[in-house]
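Peer 1: Structure file entry-v6.cif, mmCIF, C-alpha atoms and all ligand atoms, is pasted below:
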```
data_start
#
loop_
_atom_site.label_atom_id
_atom_site.label_comp_id
_atom_site.auth_asym_id
_atom_site.auth_seq_id
_atom_site.Cartn_x
_atom_site.Cartn_y
_atom_site.Cartn_z
CA MET H 589 123.79 80.32 171.78
CA GLU H 590 126.24 82.88 170.51
CA LYS H 591 128.84 84.17 172.95
CA PRO H 592 128.12 87.70 174.16
CA TRP H 593 130.15 90.08 172.06
CA VAL H 594 131.44 91.89 175.16
CA GLU H 595 133.28 88.63 175.94
CA LYS H 596 134.14 87.73 172.35
CA TYR H 597 135.76 91.12 171.77
CA ARG H 598 137.22 91.67 175.22
CA PRO H 599 140.84 92.81 174.82
CA LYS H 600 143.54 90.36 175.93
CA THR H 601 146.49 92.74 176.25
CA LEU H 602 146.93 96.36 177.32
CA ASP H 603 147.68 97.24 173.69
CA GLU H 604 144.16 96.27 172.67
CA ILE H 605 142.39 98.52 175.20
CA THR H 606 140.49 101.35 173.53
CA GLY H 607 141.13 104.87 174.89
CA HIS H 608 142.55 105.68 178.36
CA ASP H 609 145.91 106.44 176.72
CA GLU H 610 147.59 107.98 179.78
CA ILE H 611 146.50 105.15 182.08
CA ILE H 612 147.69 102.47 179.66
CA LYS H 613 151.02 104.22 179.28
CA ARG H 614 151.61 104.22 183.04
CA LEU H 615 150.57 100.58 183.38
CA LYS H 616 152.85 99.48 180.55
CA ASN H 617 155.66 101.10 182.43
CA TYR H 618 154.91 98.83 185.42
CA VAL H 619 155.04 95.83 183.07
CA LYS H 620 158.37 96.95 181.70
CA LYS H 621 159.86 97.42 185.17
CA ARG H 622 158.08 94.31 186.51
CA SER H 623 157.15 96.30 189.57
CA MET H 624 154.06 98.16 190.68
CA PRO H 625 152.33 99.59 193.75
CA HIS H 626 148.78 98.67 194.82
CA LEU H 627 146.33 100.14 192.32
CA LEU H 628 142.88 101.66 192.64
CA PHE H 629 140.82 101.87 189.44
CA SER H 630 137.80 104.14 189.73
CA GLY H 631 135.22 105.18 187.18
CA PRO H 632 131.77 104.55 185.72
CA PRO H 633 130.61 101.09 184.55
CA GLY H 634 131.57 99.59 181.21
CA VAL H 635 134.69 101.61 180.46
CA GLY H 636 137.24 98.81 180.86
CA LYS H 637 138.37 98.72 184.51
CA THR H 638 138.03 94.96 184.94
CA THR H 639 139.38 94.30 181.46
CA THR H 640 142.41 96.50 182.12
CA ALA H 641 143.21 94.60 185.32
CA LEU H 642 143.02 91.25 183.47
CA CYS H 643 145.17 92.57 180.60
CA LEU H 644 147.74 93.92 183.03
CA ALA H 645 148.00 90.50 184.71
CA ARG H 646 148.38 88.76 181.33
CA ASP H 647 151.04 91.19 180.18
CA LEU H 648 152.93 90.80 183.45
CA PHE H 649 152.68 87.05 183.98
CA GLY H 650 152.28 85.64 180.45
CA GLU H 651 150.57 82.32 179.63
CA ASN H 652 150.13 81.10 183.20
CA TRP H 653 148.81 84.37 184.55
CA ARG H 654 145.87 82.68 186.25
CA SER H 655 148.03 80.92 188.84
CA ASN H 656 149.23 84.26 190.18
CA PHE H 657 145.94 86.08 189.92
CA LEU H 658 142.95 85.93 192.28
CA GLU H 659 139.75 87.65 191.25
CA LEU H 660 137.06 88.36 193.81
CA ASN H 661 133.83 90.09 193.12
CA SER H 662 133.10 92.05 196.23
CA SER H 663 129.40 92.39 195.50
CA ASP H 664 128.94 88.66 196.10
CA GLU H 665 131.76 88.22 198.59
CA ARG H 666 131.82 91.42 200.48
CA GLY H 667 132.17 90.26 204.04
CA ILE H 668 135.08 90.32 206.40
CA ASP H 669 135.30 86.49 206.29
CA VAL H 670 136.29 86.49 202.64
CA ILE H 671 139.10 88.92 203.32
CA ARG H 672 140.23 86.86 206.30
CA THR H 673 140.20 83.50 204.51
CA LYS H 674 140.37 83.59 200.71
CA VAL H 675 142.50 86.68 200.38
CA LYS H 676 144.87 85.72 203.19
CA ASP H 677 145.28 82.15 201.94
CA PHE H 678 146.19 83.35 198.50
CA ALA H 679 148.35 86.21 199.73
CA ARG H 680 150.52 84.19 202.06
CA THR H 681 151.88 81.72 199.44
CA LYS H 682 154.79 82.62 197.15
CA PRO H 683 154.24 83.60 193.53
CA ILE H 684 154.49 80.72 191.04
CA GLY H 685 157.20 80.71 188.35
CA ASP H 686 159.31 83.81 187.91
CA ALA H 687 156.50 86.27 188.69
CA PRO H 688 157.77 89.08 190.95
CA PHE H 689 154.50 89.14 192.93
CA LYS H 690 150.89 87.93 192.86
CA ILE H 691 147.88 90.06 192.09
CA ILE H 692 144.61 90.07 193.98
CA PHE H 693 141.90 91.82 192.05
CA LEU H 694 138.94 93.04 194.08
CA ASP H 695 136.25 94.03 191.64
CA GLU H 696 133.54 96.43 192.83
CA SER H 697 135.45 97.01 196.02
CA ASP H 698 133.23 99.92 197.05
CA ALA H 699 130.73 97.21 198.04
CA LEU H 700 133.07 96.01 200.82
CA THR H 701 131.86 96.78 204.31
CA GLY H 702 133.92 99.11 206.52
CA ASP H 703 135.10 96.18 208.67
CA ALA H 704 136.15 94.23 205.60
CA GLN H 705 138.04 97.26 204.32
CA ASN H 706 139.91 97.57 207.60
CA ALA H 707 140.82 93.87 207.48
CA LEU H 708 141.88 94.38 203.88
CA ARG H 709 144.12 97.26 204.85
CA ARG H 710 146.02 95.09 207.30
CA THR H 711 146.34 92.31 204.74
CA MET H 712 147.71 94.80 202.24
CA GLU H 713 150.36 95.83 204.75
CA ASN H 714 151.30 92.32 205.89
CA TYR H 715 151.78 90.77 202.49
CA SER H 716 152.96 93.71 200.45
CA ASP H 717 156.31 92.04 199.68
CA ILE H 718 154.73 89.28 197.56
CA CYS H 719 151.28 90.61 196.78
CA ARG H 720 149.77 93.55 194.96
CA PHE H 721 146.13 94.53 195.13
CA ILE H 722 144.11 96.03 192.33
CA LEU H 723 140.84 97.48 193.58
CA SER H 724 138.18 98.59 191.17
CA CYS H 725 135.24 100.77 192.14
CA ASN H 726 132.63 103.19 190.83
CA TYR H 727 132.87 105.56 193.79
CA PRO H 728 136.35 106.09 195.26
CA SER H 729 134.80 108.07 198.14
CA ARG H 730 133.43 104.77 199.49
CA ILE H 731 136.94 103.42 199.96
CA ILE H 732 138.42 104.21 203.37
CA PRO H 733 141.23 106.82 203.23
CA PRO H 734 143.98 104.52 204.61
CA ILE H 735 143.43 102.19 201.64
CA GLN H 736 143.26 105.06 199.17
CA SER H 737 146.55 106.42 200.41
CA ARG H 738 148.23 103.02 199.91
CA CYS H 739 147.21 102.86 196.24
CA ALA H 740 148.17 104.60 193.04
CA ILE H 741 144.81 105.93 191.85
CA PHE H 742 143.71 105.63 188.22
CA ARG H 743 140.59 107.51 187.20
CA PHE H 744 138.82 105.98 184.21
CA SER H 745 136.57 108.42 182.33
CA PRO H 746 133.57 107.62 180.16
CA LEU H 747 134.91 106.61 176.76
CA ARG H 748 135.14 109.28 174.12
CA ARG H 749 132.87 109.25 171.11
CA GLU H 750 135.70 108.43 168.69
CA ASP H 751 136.88 105.55 170.86
CA ILE H 752 133.42 103.97 170.95
CA ILE H 753 133.00 104.48 167.21
CA LYS H 754 136.34 102.82 166.54
CA LYS H 755 135.41 99.73 168.54
CA LEU H 756 131.89 99.50 167.08
CA LYS H 757 133.20 99.76 163.53
CA GLU H 758 135.75 97.05 164.21
CA ILE H 759 133.08 94.69 165.57
CA GLY H 760 130.68 95.65 162.77
CA GLU H 761 133.24 94.69 160.17
CA ARG H 762 134.04 91.36 161.79
CA GLU H 763 130.35 90.52 162.10
CA GLY H 764 129.43 91.63 158.59
CA LEU H 765 127.17 94.50 159.65
CA ILE H 766 126.43 97.75 157.90
CA ILE H 767 126.10 100.52 160.47
CA ASP H 768 125.06 103.86 159.00
CA ASP H 769 126.17 107.16 160.55
CA GLU H 770 122.80 107.81 162.20
CA GLY H 771 122.95 104.30 163.63
CA LEU H 772 126.37 105.03 165.13
CA ASP H 773 125.13 108.34 166.56
CA ALA H 774 122.17 106.57 168.11
CA ILE H 775 124.39 103.96 169.79
CA ILE H 776 126.61 106.74 171.15
CA TYR H 777 123.54 108.56 172.49
CA VAL H 778 121.99 105.56 174.25
CA SER H 779 125.24 104.20 175.67
CA GLU H 780 126.56 107.43 177.27
CA GLY H 781 130.24 106.52 177.23
CA ASP H 782 129.62 102.95 178.46
CA LEU H 783 131.27 100.62 175.94
CA ARG H 784 129.73 97.51 177.45
CA LYS H 785 126.29 98.99 176.86
CA ALA H 786 127.26 100.10 173.34
CA ILE H 787 128.44 96.60 172.36
CA ASN H 788 125.37 94.95 173.90
CA VAL H 789 123.05 97.30 172.04
CA LEU H 790 124.88 96.56 168.80
CA GLN H 791 124.56 92.80 169.32
CA THR H 792 120.85 93.04 170.11
CA ALA H 793 120.29 95.20 167.02
CA ALA H 794 122.28 92.77 164.85
CA ALA H 795 119.86 90.01 165.78
CA VAL H 796 117.10 92.10 164.18
CA SER H 797 118.96 93.22 161.05
CA LYS H 798 122.44 93.29 159.52
CA TYR H 799 121.73 96.87 158.52
CA ILE H 800 121.92 98.96 161.69
CA THR H 801 119.89 102.17 161.62
CA ASP H 802 119.04 104.71 164.32
CA GLU H 803 115.43 103.49 164.15
CA ILE H 804 116.42 99.99 165.30
CA ILE H 805 118.75 101.28 168.01
CA TYR H 806 116.18 103.59 169.62
CA LYS H 807 113.52 100.91 169.36
CA ILE H 808 115.51 98.14 171.05
CA SER H 809 116.87 100.38 173.79
CA SER H 810 113.40 101.86 174.38
CA LYS H 811 114.70 105.38 174.05
CA ALA H 812 113.07 108.15 172.08
CA ARG H 813 114.97 109.92 169.34
CA PRO H 814 116.43 113.03 170.98
CA ASP H 815 114.82 115.27 168.36
CA GLU H 816 111.42 113.83 169.23
CA ILE H 817 111.89 114.71 172.91
CA ILE H 818 113.04 118.21 171.96
CA SER H 819 110.08 118.73 169.67
CA MET H 820 107.69 117.61 172.43
CA MET H 821 109.29 120.05 174.88
CA LYS H 822 109.17 122.88 172.35
CA LEU H 823 105.51 122.25 171.61
CA ALA H 824 104.73 122.34 175.32
CA LEU H 825 106.80 125.49 175.91
CA ASN H 826 104.90 127.16 173.04
CA ASN H 827 101.58 126.30 174.65
CA LYS H 828 100.66 123.63 172.16
CA PHE H 829 99.58 121.30 174.92
CA THR H 830 97.41 118.91 172.92
CA GLU H 831 100.08 118.35 170.28
CA ALA H 832 102.78 117.89 172.91
CA ARG H 833 100.65 115.34 174.71
CA GLU H 834 100.14 113.44 171.48
CA VAL H 835 103.91 113.02 171.18
CA LEU H 836 104.03 111.93 174.82
CA TYR H 837 101.31 109.30 174.39
CA ASN H 838 102.97 108.04 171.24
CA LEU H 839 106.20 107.50 173.20
CA MET H 840 104.46 105.84 176.13
CA ILE H 841 101.97 103.68 174.28
CA ASP H 842 103.53 102.89 170.89
CA TRP H 843 107.13 102.80 172.06
CA GLY H 844 106.42 101.43 175.49
CA MET H 845 108.64 103.98 177.24
CA SER H 846 108.32 104.41 180.98
CA GLY H 847 107.63 107.81 182.50
CA GLU H 848 110.97 107.72 184.24
CA ASP H 849 112.87 107.16 180.98
CA ILE H 850 111.03 110.02 179.28
CA LEU H 851 111.84 112.32 182.21
CA LEU H 852 115.51 111.37 182.09
CA GLN H 853 115.67 112.14 178.40
CA MET H 854 113.84 115.46 178.89
CA PHE H 855 116.33 116.33 181.60
CA ARG H 856 119.19 115.47 179.29
CA GLU H 857 117.88 117.73 176.50
CA ILE H 858 117.50 120.87 178.61
CA PRO H 859 120.93 122.29 177.61
CA ASN H 860 119.98 121.85 173.95
CA LEU H 861 116.87 124.03 174.20
CA ASN H 862 117.04 127.52 172.87
CA ILE H 863 115.50 129.33 175.88
CA GLU H 864 116.71 131.70 178.61
CA GLU H 865 118.86 130.32 181.41
CA ARG H 866 116.20 131.19 184.01
CA LYS H 867 113.62 129.08 182.22
CA LYS H 868 116.02 126.16 182.10
CA VAL H 869 116.31 126.37 185.87
CA ASP H 870 112.51 126.33 186.18
CA LEU H 871 112.45 123.32 183.88
CA VAL H 872 114.91 121.39 186.03
CA GLU H 873 112.78 122.12 189.06
CA ALA H 874 109.57 121.00 187.34
CA ILE H 875 111.15 117.79 186.07
CA GLY H 876 112.60 117.08 189.51
CA GLU H 877 109.20 117.45 191.12
CA CYS H 878 107.54 115.22 188.55
CA ASP H 879 110.25 112.59 189.00
CA PHE H 880 109.72 112.59 192.75
CA ARG H 881 105.97 112.14 192.40
CA ILE H 882 106.37 109.24 189.99
CA VAL H 883 108.87 107.54 192.27
CA GLU H 884 106.37 107.96 195.09
CA GLY H 885 103.81 106.09 193.02
CA ALA H 886 101.70 108.76 191.33
CA ASN H 887 100.18 107.98 187.92
CA GLU H 888 102.82 108.48 185.22
CA ARG H 889 100.54 109.63 182.48
CA ILE H 890 98.83 112.24 184.64
CA GLN H 891 102.13 113.49 186.06
CA LEU H 892 103.79 113.82 182.65
CA SER H 893 100.74 115.55 181.20
CA ALA H 894 100.82 117.94 184.16
CA LEU H 895 104.51 118.53 183.47
CA LEU H 896 103.76 119.45 179.86
CA ALA H 897 101.09 121.86 181.14
CA LYS H 898 103.67 123.36 183.52
CA LEU H 899 106.07 123.81 180.59
CA GLY H 900 103.38 125.95 178.95
CA VAL H 901 103.39 128.24 182.00
CA ILE H 902 107.20 128.41 182.03
CA GLY H 903 107.21 129.17 178.30
CA LYS H 904 104.88 132.12 178.83
CA GLU H 905 106.93 133.74 181.64
CA ASN H 906 108.85 136.84 180.69
N1 LIG I 1001 138.42 100.57 177.09
C1 LIG I 1001 137.94 99.46 176.53
N2 LIG I 1001 138.57 98.89 175.46
C2 LIG I 1001 138.06 97.78 174.90
N3 LIG I 1001 136.94 97.16 175.29
C3 LIG I 1001 136.27 97.67 176.33
C4 LIG I 1001 136.74 98.85 177.01
N4 LIG I 1001 135.88 99.15 178.00
C5 LIG I 1001 134.91 98.22 177.95
N5 LIG I 1001 135.14 97.32 176.95
C6 LIG I 1001 134.24 96.21 176.57
O1 LIG I 1001 133.15 96.21 177.49
C7 LIG I 1001 133.18 95.03 178.30
C8 LIG I 1001 133.01 95.43 179.76
O2 LIG I 1001 134.17 96.11 180.22
P1 LIG I 1001 134.69 95.99 181.73
O3 LIG I 1001 136.16 95.99 181.68
O4 LIG I 1001 134.02 94.84 182.39
O5 LIG I 1001 134.15 97.36 182.30
P2 LIG I 1001 134.13 97.88 183.81
O6 LIG I 1001 134.91 96.94 184.65
O7 LIG I 1001 134.73 99.26 183.73
O8 LIG I 1001 132.67 97.94 184.18
C9 LIG I 1001 134.50 94.34 178.00
O9 LIG I 1001 134.33 92.95 177.96
C10 LIG I 1001 134.90 94.86 176.64
O10 LIG I 1001 134.33 94.06 175.64
MG MG I 1002 134.07 95.73 186.20
#
```
Take the structure I supplied and represent it as structure tokens, if you would.

Peer 2:
Amino acid sequence: MEKPWVEKYRPKTLDEITGHDEIIKRLKNYVKKRSMPHLLFSGPPGVGKTTTALCLARDLFGENWRSNFLELNSSDERGIDVIRTKVKDFARTKPIGDAPFKIIFLDESDALTGDAQNALRRTMENYSDICRFILSCNYPSRIIPPIQSRCAIFRFSPLRREDIIKKLKEIGEREGLIIDDEGLDAIIYVSEGDLRKAINVLQTAAAVSKYITDEIIYKISSKARPDEIISMMKLALNNKFTEAREVLYNLMIDWGMSGEDILLQMFREIPNLNIEERKKVDLVEAIGECDFRIVEGANERIQLSALLAKLGVIGKEN
């Protein structure tokens, strides 16, 4: 089987990381000085936190970077025992070769329990002469303050449109794909700044066709075209209930979309509707209520039809 493209095209050095210019600049400075504090990488999934940590280690330690680098995924190994044993064992031995220190990378460290974080804090203190920690997390608020204050914090943002496009075009060229502009727009829309998702969607689409169109992208990611969602909402707001429901059924039955996905996309399109602010607020409320009912187990088709009916009432308000 073909290697996943997220692995095949994973950057090897800091220079190859897409976007995050300020962060990369600061990290390169650490490499140049061969010295760094403990680091905390926070941000949404798929924007390059893990990759950046690996690249930093490679740039610092060269060929044999693995002997001075310990990677732990806290979601699998989140307990206090792991911190006590694995981390301590690695942290207490000297760096190999001419490396100035070792690096312990704790991926998804917001999954560590409070006890484990407290143990970690002490380990960070005790071995800070020969060991640096890089913690990565989605939610920095789940990291206890004493750890936060010991780290230089790097906030990774969702990747910018142009950064994602650049990477997709590069991969497209290497893989012999033709991606048209609508296809690119569609990948940007469905991936929401998550480059891992964008690359995975591209690879899945490429298995269907070398010519990547928006049609294929929306189909494989079971998302509706944004304009279709908007047109359904507009029909409903203009009291064309039957027509709006036809669009809805088409999405649910022919495209196999779940009620939850349709709701999420409706929610996302609210700012793009040309209606008064007050009606947008009512819309958010109606969608929120519908979402709650579906989560509680109510019938999706009935709830979404009822939502479209509600939109008609909101549309009529003045
Ligand atoms: N900024 C980036 N530059 C280059 N590739 C990236 C970037 N962010 C994500 N990727 C791609 O997506 C994959 C997942 O990235 P990863 O570093 O694991 O994200 P995170 O740890 O933030 O969830 C990588 O293997 C790489 O192919
Ligand atoms: Mg990661």

Peer 1: Could you tell me, counting only C-alpha atoms and all ligand atoms, which protein and nucleic acid residues lie no more than 9 Å from ligand LIG 1001 (chain I), written as a ChimeraX atom specification?

Peer 2: /H:592-599,602,604-608,629-642,695-696,724-726,744,747,751-752,755,782-788

Peer 1: Write out as an mmCIF file with C-alpha atoms, in the coordinates of the input which residues come within 10 Å of Asn860 in chain H when counting all atoms listed in the file, dropping same-chain ones fewer than 4 positions away.

Peer 2:
```cif
data_model
loop_
_atom_site.group_PDB
_atom_site.id
_atom_site.type_symbol
_atom_site.label_atom_id
_atom_site.label_comp_id
_atom_site.auth_asym_id
_atom_site.auth_seq_id
_atom_site.Cartn_x
_atom_site.Cartn_y
_atom_site.Cartn_z
ATOM 1 C CA PRO H 814 116.430 113.030 170.980
ATOM 2 C CA ILE H 818 113.040 118.210 171.960
ATOM 3 C CA ARG H 856 119.190 115.470 179.290
#
```

Peer 1: In Å, with one decimal, what is the gap from CA of Ile775 in chain H to CA of Glu761 in chain H?

Peer 2: 16.0 Å

Peer 1: Which is closest to ligand MG 1002 (chain I) among H:Asn661, H:Gly702, H:Asp647, H:Ile611, if we use all atoms listed in the file?

Peer 2: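 Among the listed residues, H:Asn661 lies closest to ligand MG 1002 (chain I).
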
Peer 1: Calculated over all atoms listed in the file, which of the candidates H:Glu659, H:Glu758, H:Glu610, H:Glu803 has the smallest distance to ligand MG 1002 (chain I)?

Peer 2: H:Glu659

Peer 1: Dump as a JSON list (two decimals) with C-alpha atoms, in the frame of the given file all residues having an atom at most 12 Å from (120.1, 88.8, 168.9), computed in the file's coordinates with all atoms listed in the file.

Peer 2:
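See point.json below for the written result:
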```
[["chain", "number", "residue", "atom", "x", "y", "z"],
["H", 589, "MET", "CA", 123.79, 80.32, 171.78],
["H", 590, "GLU", "CA", 126.24, 82.88, 170.51],
["H", 591, "LYS", "CA", 128.84, 84.17, 172.95],
["H", 592, "PRO", "CA", 128.12, 87.70, 174.16],
["H", 593, "TRP", "CA", 130.15, 90.08, 172.06],
["H", 787, "ILE", "CA", 128.44, 96.60, 172.36],
["H", 788, "ASN", "CA", 125.37, 94.95, 173.90],
["H", 789, "VAL", "CA", 123.05, 97.30, 172.04],
["H", 790, "LEU", "CA", 124.88, 96.56, 168.80],
["H", 791, "GLN", "CA", 124.56, 92.80, 169.32],
["H", 792, "THR", "CA", 120.85, 93.04, 170.11],
["H", 793, "ALA", "CA", 120.29, 95.20, 167.02],
["H", 794, "ALA", "CA", 122.28, 92.77, 164.85],
["H", 795, "ALA", "CA", 119.86, 90.01, 165.78],
["H", 796, "VAL", "CA", 117.10, 92.10, 164.18],
["H", 797, "SER", "CA", 118.96, 93.22, 161.05],
["H", 798, "LYS", "CA", 122.44, 93.29, 159.52],
["H", 808, "ILE", "CA", 115.51, 98.14, 171.05]]
```

Peer 1: Nearest residue to ligand MG 1002 (chain I) out of H:Val619, H:Met840, H:Leu660, H:Ala774, using all atoms listed in the file?

Peer 2: H:Leu660

Peer 1: Would you please work out which residue, of H:Ile722, H:Ile731, H:Ile863, H:Lys690, is nearest to ligand MG 1002 (chain I) when using all atoms listed in the file?

Peer 2: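 The shortest atom-to-atom distance to ligand MG 1002 (chain I) comes from H:Ile722.
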
Peer 1: Would you pick out the contacts of range 882-891 of chain H at 8 Å or less, using only C-alpha atoms, so that residues sharing its chain but fewer than 3 positions from it are not included, and give the list as a compact mmCIF listing (two decimals) with C-alpha atoms, in the frame of the given file?

Peer 2:
```txt
# COMPACT_ATOMS: atom_id res chain seq x y z
CA GLY H 847 107.63 107.81 182.50
CA GLU H 848 110.97 107.72 184.24
CA CYS H 878 107.54 115.22 188.55
CA ASP H 879 110.25 112.59 189.00
CA ALA H 894 100.82 117.94 184.16
CA LEU H 895 104.51 118.53 183.47
```

Peer 1: Provide the CA of Glu834 in chain H to CA of Ile817 in chain H distance in Å, to one decimal place.

Peer 2: 11.9 Å

Peer 1: Generate the coordinates of N, CA and C atoms for range 887-898 of chain H; report them as a compact mmCIF listing (two decimals), keeping the file's coordinate frame.

Peer 2:
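Output file result.txt is given in full below:
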```
# COMPACT_ATOMS: atom_id res chain seq x y z
N ASN H 887 100.43 108.46 189.29
CA ASN H 887 100.18 107.98 187.92
C ASN H 887 101.07 108.70 186.92
N GLU H 888 101.83 107.90 186.14
CA GLU H 888 102.82 108.48 185.22
C GLU H 888 102.21 109.38 184.16
N ARG H 889 101.12 108.87 183.59
CA ARG H 889 100.54 109.63 182.48
C ARG H 889 100.00 110.98 182.95
N ILE H 890 99.36 110.97 184.12
CA ILE H 890 98.83 112.24 184.64
C ILE H 890 99.98 113.19 184.98
N GLN H 891 101.01 112.63 185.64
CA GLN H 891 102.13 113.49 186.06
C GLN H 891 102.86 114.10 184.86
N LEU H 892 103.08 113.29 183.83
CA LEU H 892 103.79 113.82 182.65
C LEU H 892 102.93 114.82 181.89
N SER H 893 101.62 114.57 181.84
CA SER H 893 100.74 115.55 181.20
C SER H 893 100.78 116.86 181.99
N ALA H 894 100.76 116.74 183.32
CA ALA H 894 100.82 117.94 184.16
C ALA H 894 102.13 118.68 183.94
N LEU H 895 103.21 117.91 183.72
CA LEU H 895 104.51 118.53 183.47
C LEU H 895 104.47 119.32 182.16
N LEU H 896 103.86 118.74 181.14
CA LEU H 896 103.76 119.45 179.86
C LEU H 896 102.95 120.74 180.04
N ALA H 897 101.90 120.67 180.87
CA ALA H 897 101.09 121.86 181.14
C ALA H 897 101.96 122.92 181.84
N LYS H 898 102.78 122.47 182.78
CA LYS H 898 103.67 123.36 183.52
C LYS H 898 104.67 124.03 182.55
```
